Structures are given as C-alpha cells and as structure tokens.
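Engineer: Mind having a look at this structure? Questions to follow.
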Amino acid sequence: MSLSFAEMSARERLAAVVDAGSFHEWLPPSERVTSPHLAQLGVPAAFDDGVAVGRALLAGRAIFVAAQEGEFMGGGVGEVHGAKLVGMLQRALRDRPAAVVVLAESGGVRLHEANAGLIAVSEVMRALLDVRAAGIATVMLIGGANGCFGGMGIVARCADTVVMSDIARHAMSGPEVIESSNGAGEFDSRDRALVWRTTGGKHRWLTGDCDALVDDDPALFRAAAIAALATHRPMTLAALQQESALLQRRIELDAGSADAFELWTRLGVVEAQAVPDIDAAQVRTRRPAAVAGLANGAA
Amino acid sequence: METLAFTFDGGRALPPFAPALVGVVASGNLEVLLEPAQDASCRIVVDTSARGFGAIWEAVLRDFHARHGVAGIVVSIHDMGATPAVVSLRLDQALAAIAGSGEESGCP
Amino acid sequence: MDWQGVAAQLFGQDHAIVADGDFLAGTASFDGAPIAIVGTTNHAAVGVDLALRQARCILDVIEHHPGRPLLLLVDTQGQKLRRRDELLGIHRAMAHLGCCVDLARRRGHPVIGLVYDQALSGGFITSGLVADACYALPEAEIRVMRVPAMARVTKLPEALLESLSLTNPVFAPGVANYVAMGGVRSLWDGDLAAGLRAALADRDTSDRRASEGAQRGGRRVAADVIRRVLEA
C-alpha cells in the first residue's frame with residue numbers, strides 16, 4: 001500500500017522526494033520569518049509562511065528545493081513566501097546546484113497580501129527565468145489537491161520540467177472563479193469530471209503541457225524528479241518560435257470546440273472517451289507521437 | 001486574533017533537542033513549534049483566530065503538561081480553530097518528533 | 001488617457017501603432033530611433049489568443065530588429081475567465097509571453113512596461129511585470145482582483161476589503177502605492193517623453209524591485225528575507 005502524495009503535507013512530501021535525511025532548511029520555523037500582513041486580517045501566521053526552502057541531495061546530486069504548503073492560505077504566495085523562493089533562486093545562480101526543484105501547490109497570489117503578493121510572484125518569475133538562462137535545470141512537481149494556479153501556474157510553466165500526477169491540476173483560473181464571473185454554463189465547478197479533463201494531469205499530459213505523468217505516489221514523483229535532473233531546455237529564439245507554432249496549432253485544432261474529448265481526438269488520442277476512466281500508466285501510452293515530439297523540443 | 005500565554009512549573013527537563021514543528025495552520029488545525037527553553041519552565045504561547053476560549057486552552061495545556069511532565073521547553077502555537085482533541089494530538093505528535101537529532105525537524 | 005493620447009505625447013504623429021481589437025502593435029520613432037510597441041487596450045481580457053499574439057509580435061522584433069527597444073502598453077482587466085482558455089493552456093500561453101519578453105531582455109532589447117489605464121494581475125504579470133521595469137501614468141490603477149471576487153475567494157467581508165483598499169498600501173490600487181512597494185519604478189507625470197527617455201537610459205536590467213520597495217518603505221520585509229536566504 002503506497003502513500004498518497006496529495007495527502008501528505010509539504011514537509012512530508014519534501015522529505016520523501018529528496019534523499020533520506022538530506023534536507024537542510026534555510027530560515028527554518030524557529031526563526032519565525034512570518035508574514036507582516038496577516039494579523040491585521042485576524043488570520044494566524046505560519047512559522048515558515050507556508051513554504052520550506054533549502055538544499056538537499058537528489059540521487060546524490062546537490063539540489064535546492066522548495067515545498068509549498070497548500071493547506072496554509074491555499075498555498076498563496078505572500079511577501080515573505082515569495083521572498084524565500086526568490087532568495088533560493090538567486091542563491092542557485094551563485095551556488096549552481098544541479099537543479100532547483102519546487103513542490104508547487106498554490107492558488108497563486110495570496111489575496112490577503114494583494115499587492116505585495118502580486119509583486120512577489122512576479123519576482124519569483126523573473127528569478128526562475130534567470131536560473132533557467134543560467135543553464136540550471138528547473139523542475140516543478142505538481143501533485144497537491146489544490147493544484148497549481150494563478151501566477152504560480154504561470155511560474156511553473158516557466159520551468160524546464162513539469163511533473164504532474166493524474167489527480168493534480170495545473171491552470172490559471174480555478175473553476176469557481178470562472179463560474180462566479182461567467183456562470184455555471186461557462187464552467188460548472190461542481191462537475192469534477194469536467195474540471196479534471198479541462199485542467200488535470202491527464203489532459204496536460206495528452207496535450208504536452210506536462211513532461212511526466214505519475215500516479216499519486218511520492219516515490220514516483222521522486223523518480224521523475226531524478227530523471228528531470230538531466231533536462232535543460234535553453235530558451236532560444238527558435239525554441240520560442242516553435243512554442244508559438246505549437247500553441248497556434250492547438251488553437252486551430254480545437255477550432256472553438258472547447259471540448260477536451262474533441263481536442264484529444266483531433267490531437268490523435270485513440271478512444272478519447274476512455275481517458276477519464278483509465279489509470280495514469282495507460283494514459284501515458286496514449287499521448288500522440290506528434291505531441292511527444294513537440295513536447296521535448298519546445299521551450 | 002487572541003494571544004494566550006501560560007507557564008507551568010515542575011516536570012523533568014528534556015535532553016537537548018533541535019526545534020520541531022508539527023501541524024499546519026489551516027481551518028480546524030494548528031501548528032506547534034517546540035523549542036528548548038533557557039530556563040526550567042514549560043512555557044506555552046498560543047496565537048489563535050478563535051477568541052474567547054482561554055479557559056479551554058488552559059485546561060488542555062495543563063493536561064498536556066500533567067501527562068508529559070516536561071520542563072525546559074517553549075511551545076509556540078498558531079491555531080485556526082482546532083478542537084481540543086486535535087490540539088492534544090498535535091502536542092503529543094510534537095513531543096514524539098523530538099528525537100534529539102542535530103537538525104531542526106519539521107514534519108506534520 | 002487612452003493609448004492614442006499616450007502615443008501622441010510620446011511620439012507626436014511619428015508613429016504607426018495600430019489597434020486591432022484589443023491588440024496594439026506598431027513601430028514609432030523616439031529621439032530619432034525606432035521603438036517597437038506591443039500591448040493591449042479596451043481593458044482587454046487576456047486569453048490564449050491575445051497572449052500568443054503579443055508573444056509572436058515580440059519574437060518578430062527579436063528576429064528582425066536586433067536591439068530595438070520595446071514598449072509594452074498595458075490596459076487589461078486581467079486574464080480571460082473562460083473554460084476554453086483554461087483547456088487550451090492559458091497558463092502556458094502566458095508563460096510563453098513572459099519567456100518572449102525575457103528573451104528580448106537577454107538579447108539586449110530594452111523592454112519597458114507602461115500601465116496607462118488599468119492592470120489586473122493576470123493580464124500583465126507576464127508582460128509589464130517581467131519587463132526591465134514597469135512604469136505607470138499617475139491616474140492608472142493596478143489591482144490583483146476586484147473586491148467582490150476577492151471577498152468571495154478569501155471569505156473576508158467586502159466592507160472590510162473596501163475599507164482596506166482606501167487606507168492600506170497592500171490593498172490600495174493606486175499606482176503611487178506600487179511605486180512605494182517597488183512594483184512600479186516611477187510614474188510618468190506630465191512629460192511622458194521624459195519618462196520614456198529616462199527609462200531607456202536605465203540599463204541596469206537586474207530586478208531591483210525588492211530593494212526599491214525596502215528603500216521606499218512600502219515593502220520592508222522582502223529584500224531582507226532574500227538577503228537572509230542568500231546568507232543562510
């Protein structure tokens with residue numbers, strides 16, 4: 001019986017992904033680097049402001065690692081949380097670990113910190129792009145129940161490798177936000193099957209929006225992270241032009257259907273209707289060759 | 001937000017330990033940070049979003065101290081409306097987490 | 001001020017910027033040199049199409065006009081809130097736009113962001129906010145989310161958020177606030193051309209926002225936390 005990555009806390013996941021006992025934390029909870037903005041809203045702070053950052057070993061290689069706690073403020077990025085991530089990324093430029101690995105679970109900007117959160121996410125994005133430009137592998141592990149949304153959803157897509165479990169989601173706006181703005185007819189947030197085939201791991205795998213699809217198992221996330229140590233995709237003009245073409249082709253292929261089953265079929269997925277009911281291992285075999293080829297080359 | 005502070009005397013000092021964190025600040029939950037104290041007391045500080053439960057906190061924490069009899073310890077809590085049962089559980093888990101290792105441990 | 005007003009003040013009649021729906025693009029002449037303009041208007045909701053369109057425009061500039069400055073004009077109500085855009089990967093399209101801006105910067109193009117009307121987070125987090133620096137007109141507004149939606153998501157009372165929006169820098173949408181927090185480098189007030197000239201002259205392309213937020217007092221903690229992680 002294996003553990004559920006999704007049900008683990010951020011710290012438990014981090015401990016399970018890196019080499020046993022190798023995690024050394026910077027600004028640990030006892031240093032009380034907490035949010036200066038939450039008390040005014042009557043919300044308790046967290047000793048680590050919802051993210052643990054530090055260095056560790058992964059298959060014996062030195063990495064920097066961060067794990068976002070999705071249960072605290074929905075994993076939202078506030079001033080301190082964001083600064084811890086930026087500090088880790090800037091430190092990576094200086095110390096050049098083999099990779100930077102982020103266990104991402106976040107709703108994006110922490111709304112309770114509004115402006116400070118927005119600027120923080122933007123700083124994380126800039127810092128991640130610096131790390132990528134420096135040739136250091138960047139890996140996102142997305143497997144929490146809350147998914148990876150908003151500004152963090154975008155940040156995660158700026159990394160070299162995105163690993164998802166089939167129960168995770170990676171997107172920009174959550175279904176509730178879309179429904180409350182444009183109605184249930186636009187996006188019924190209570191239709192779980194619809195939500196997952198729109199933003200879940202299987203969909204992102206089939207369209208090439210994630211680079212590995214695993215079961216909800218920390219050992220599999222660990223294995224995928226180890227494999228990702230070797231993956232670095234330089235952002236060249238050619239790579240970005242290819243990415244533009246990929247996105248353009250996808251929009252044209254969808255041709256306004258906005259339906260996952262239609263899109264999968266047009267991409268070349270066989271028996272698209274069966275996808276929600278089969279497991280990750282089977283879905284992995286169904287990614288069309290054309291999608292696989294592009295996914296490895298694009299930025 | 002309400003901040004409560006308690007001090008309990010008596011009990012035996014723990015061997016030196018690295019700070020330990022258990023739990024998560026989420027609705028109905030709490031995080032507990034255990035650190036060695038400079039003196040022999042057992043000091044507990046609670047930041048809680050649920051106001052007016054001072055008497056219940058005192059009872060739960062007094063029971064914790066009576067059960068474990070620990071001294072030389074500072075317990076810092078960030079609470080978001082956890083029930084007494086969950087509070088007691090986290091406190092017990094926090095003590096269990098102190099393994100005397102060199103590194104500060106954070107596990108929920 | 002509308003984009004035509006901004007363009008007239010910056011370039012006089014010396015520009016060929018065209019609006020196509022919500023999409024702005026074109027070339028202008030500034031201090032005798034060409035400058036590329038990419039952006040949005042009509043409080044655009046930025047979805048996959050508009051993000052991709054801006055991205056392709058930036059890549060064209062990189063490919064055909066090495067080193068040419070880029071001015072990103074921002075007027076947006078945020079990301080498009082449609083299921084179609086999520087299905088098609090709006091997060092990927094947004095990231096792609098951000099990567100194109102980043103490539104332009106790395107290739108030596110000065111990239112300047114200007115919020116000339118409004119900016120809600122998702123609509124400019126991967127354009128104006130990843131430029132070398134982001135500037136704003138004094139009357140512009142920058143918000144993370146509108147108060148009613150924020151109240152629904154956070155479960156905080158609308159009245160509380162409204163009152164915080166008036167008094168609290170973390171919530172107030174005024175751009176002077178963003179300057180104090182370091183998110184916006186400065187306001188272009190009155191002489192817009194002078195603002196653009198100074199922006200183009202500033203060739204330090206490092207991310208100074210945390211330190212500027214600390215110096216200006218609007219965001220005191222971030223820079224120190226970054227430093228502490230570097231030194232830990």
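Quick note on naming: the chains in the structure tokens go A, B, ... in the order shown, residues restart at 1 in each chain, and ligands are numbered from 1 in order of appearance.
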Please, which residues of chain B lie no more than 12 Å from chain A when the count uses only C-alpha atoms, and can they be set out as a ChimeraX atom specification?
Structural biologist: /B:1-3,18-36,46-51,74-81,101-108
Engineer: With C-alpha atoms retained, write the just-selected residues as a compact mmCIF listing (two decimals), in the first residue's frame.
Structural biologist:
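File again-v6.txt, as written:
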# COMPACT_ATOMS: atom_id res chain seq x y z
CA MET B 1 -6.77 37.12 16.92
CA GLU B 2 -6.06 36.35 20.52
CA THR B 3 -2.74 35.62 22.14
CA ALA B 18 16.54 20.69 17.93
CA PRO B 19 13.35 22.69 17.34
CA ALA B 20 10.49 20.62 15.92
CA LEU B 21 7.39 21.69 14.03
CA VAL B 22 4.22 19.69 13.56
CA GLY B 23 0.86 20.57 12.02
CA VAL B 24 -0.30 23.15 9.53
CA VAL B 25 -2.17 26.42 10.01
CA ALA B 26 -5.45 25.67 8.32
CA SER B 27 -9.09 25.77 9.31
CA GLY B 28 -9.63 23.43 12.27
CA ASN B 29 -5.91 22.80 12.54
CA LEU B 30 -2.83 24.24 14.19
CA GLU B 31 0.95 24.19 14.02
CA VAL B 32 3.09 23.56 17.08
CA LEU B 33 6.73 24.57 17.38
CA LEU B 34 8.75 23.09 20.23
CA GLU B 35 12.00 24.72 21.27
CA PRO B 36 14.30 24.34 24.24
CA VAL B 46 -0.88 30.49 21.64
CA ASP B 47 -1.89 32.77 18.74
CA THR B 48 -5.43 31.82 17.83
CA SER B 49 -8.06 33.12 15.44
CA ALA B 50 -10.79 31.74 17.71
CA ARG B 51 -11.33 34.22 20.52
CA VAL B 74 8.84 26.59 24.89
CA VAL B 75 5.73 25.62 22.96
CA SER B 76 4.54 28.10 20.32
CA ILE B 77 1.21 27.56 18.66
CA HIS B 78 -0.53 29.13 15.67
CA ASP B 79 -4.13 27.99 15.82
CA MET B 80 -7.05 28.30 13.45
CA GLY B 81 -9.93 26.89 15.49
CA SER B 101 18.78 14.83 16.23
CA GLY B 102 21.14 17.61 15.23
CA GLU B 103 18.88 19.16 12.62
CA GLU B 104 15.71 21.06 13.24
CA SER B 105 12.90 18.86 12.09
CA GLY B 106 9.69 19.93 10.53
CA CYS B 107 7.12 17.28 9.96
CA PRO B 108 3.44 17.31 10.43
Engineer: Could you list, with a cut-off of 6 Å and counting only C-alpha atoms, the residues of chain A near chain C, each shown with its nearest atom pair and the distance in Å rounded to one decimal, rows sorted by chain and ascending number, as CSV?
Structural biologist:
residue,atom,partner,partner_atom,distance
A:Trp26,CA,C:Ala232,CA,5.8
A:Glu79,CA,C:Ala222,CA,6.0
A:Val80,CA,C:Ala222,CA,5.9
A:Ala83,CA,C:Ala222,CA,5.2
A:Gly87,CA,C:Ile226,CA,4.2
A:Arg91,CA,C:Leu230,CA,5.4
A:Ala114,CA,C:Phe171,CA,5.7
A:Asn115,CA,C:Val170,CA,5.1
A:Ala116,CA,C:Val170,CA,6.0
A:Ile119,CA,C:Gly183,CA,5.8
A:Ile154,CA,C:His91,CA,5.0
A:Arg157,CA,C:Arg92,CA,5.9
A:Cys158,CA,C:Ala95,CA,5.8
A:Ala171,CA,C:His91,CA,5.7
A:Met172,CA,C:His91,CA,5.2
A:Ile178,CA,C:Leu81,CA,5.1
A:Phe187,CA,C:Arg83,CA,5.9
A:Thr198,CA,C:Leu87,CA,4.8
A:Ala258,CA,C:Arg84,CA,4.8
Engineer: Identify, on the basis of only C-alpha atoms, every residue whose closest approach to segment 121-130 of chain A does not exceed 6 Å; exclude the query and any residue fewer than 6 positions from it along the same chain; express the result as a list in words.
Structural biologist: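 Using only C-alpha atoms, the neighbours found are Val86, Leu89 and Val155 of chain A.
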Engineer: What is the distance between atom CA of Asp189 of chain C and atom CA of Ala136 of chain C, in Å to one decimal?
Structural biologist: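 So the answer is 8.7 Å.
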Engineer: State, in Å with one decimal place, the distance from atom CA of Asp215 of chain A to atom CA of Gly150 of chain A.
Structural biologist: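 Interatomic distance here is 23.8 Å.
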Engineer: May I have all residues of segment 32-97 of chain A that DSSP, computed from the backbone, assigns to helix (DSSP H, G or I), given as number ranges by chain?
Structural biologist: A: 39-41, 73-75, 79-95
Engineer: Can you list, as an MDAnalysis selection string, all residues belonging to segment 139-284 of chain A that DSSP tags as strand (DSSP E)?
Structural biologist: chainID A and resid 139:142 161:165 212:214
Engineer: Tell me, as a PyMOL selection string, which residues lie within 9 Å of Ile167 of chain A, counting only C-alpha atoms; anything in the same chain fewer than 5 positions away does not count.
Structural biologist: chain A and resi 6+143-145+147+196+200-202+215-216
Engineer: Do you know which residues are at most 8 Å from segment 227-235 of chain A counting only C-alpha atoms, after dropping those on the same chain fewer than 3 positions away, and could you put them as an MDAnalysis selection string?
Structural biologist: (chainID A and resid 98:99 132:133 135:139 160:161 223:224 239:240 297:299) or (chainID C and resid 99 103)
Engineer: Could you work out how far atom CA of Arg249 of chain A lies from atom CA of Leu206 of chain A, giving the answer in Å with one decimal?
Structural biologist: 14.7 Å
Engineer: I'd like the neighbourhood of Met140 of chain A as a PyMOL selection string, where a residue qualifies if any of its atoms comes within 8 Å (using only C-alpha atoms), though same-chain residues fewer than 6 positions away should be ignored.
Structural biologist: chain A and resi 101-104+156+159+161-163
Engineer: Selected residues, C-alpha atoms, written as a CSV table (one decimal), in the first residue's frame, please.
Structural biologist:
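As written to disk, again11.csv reads:
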chain,number,residue,atom,x,y,z
A,101,VAL,CA,13.1,21.5,-7.6
A,102,VAL,CA,9.8,23.1,-6.5
A,103,LEU,CA,7.0,21.1,-5.0
A,104,ALA,CA,4.3,23.5,-6.1
A,156,ALA,CA,5.6,26.5,-13.1
A,159,ALA,CA,10.4,25.7,-15.7
A,161,THR,CA,10.2,20.1,-16.5
A,162,VAL,CA,6.7,19.9,-15.1
A,163,VAL,CA,5.7,16.6,-13.4
Engineer: Determine, counting only C-alpha atoms, which protein, DNA and RNA residues have an atom within 9 Å of an atom of Leu10 of chain C; residues of the same chain fewer than 5 positions away are not included. Present the result as number ranges by chain.
Structural biologist: C: 5, 30, 191-194, 196
Engineer: Selection from above, C-alpha atoms, as a tab-separated table (two decimals), in the first residue's frame, can you write it?
Structural biologist:
chain	number	residue	atom	x	y	z
C	5	GLY	CA	-3.12	60.04	-26.22
C	30	PHE	CA	11.62	58.22	-30.48
C	191	ASP	CA	6.21	64.92	-19.61
C	192	LEU	CA	5.76	61.34	-20.81
C	193	ALA	CA	8.64	61.59	-23.25
C	194	ALA	CA	10.99	62.46	-20.40
C	196	LEU	CA	10.42	57.11	-21.55
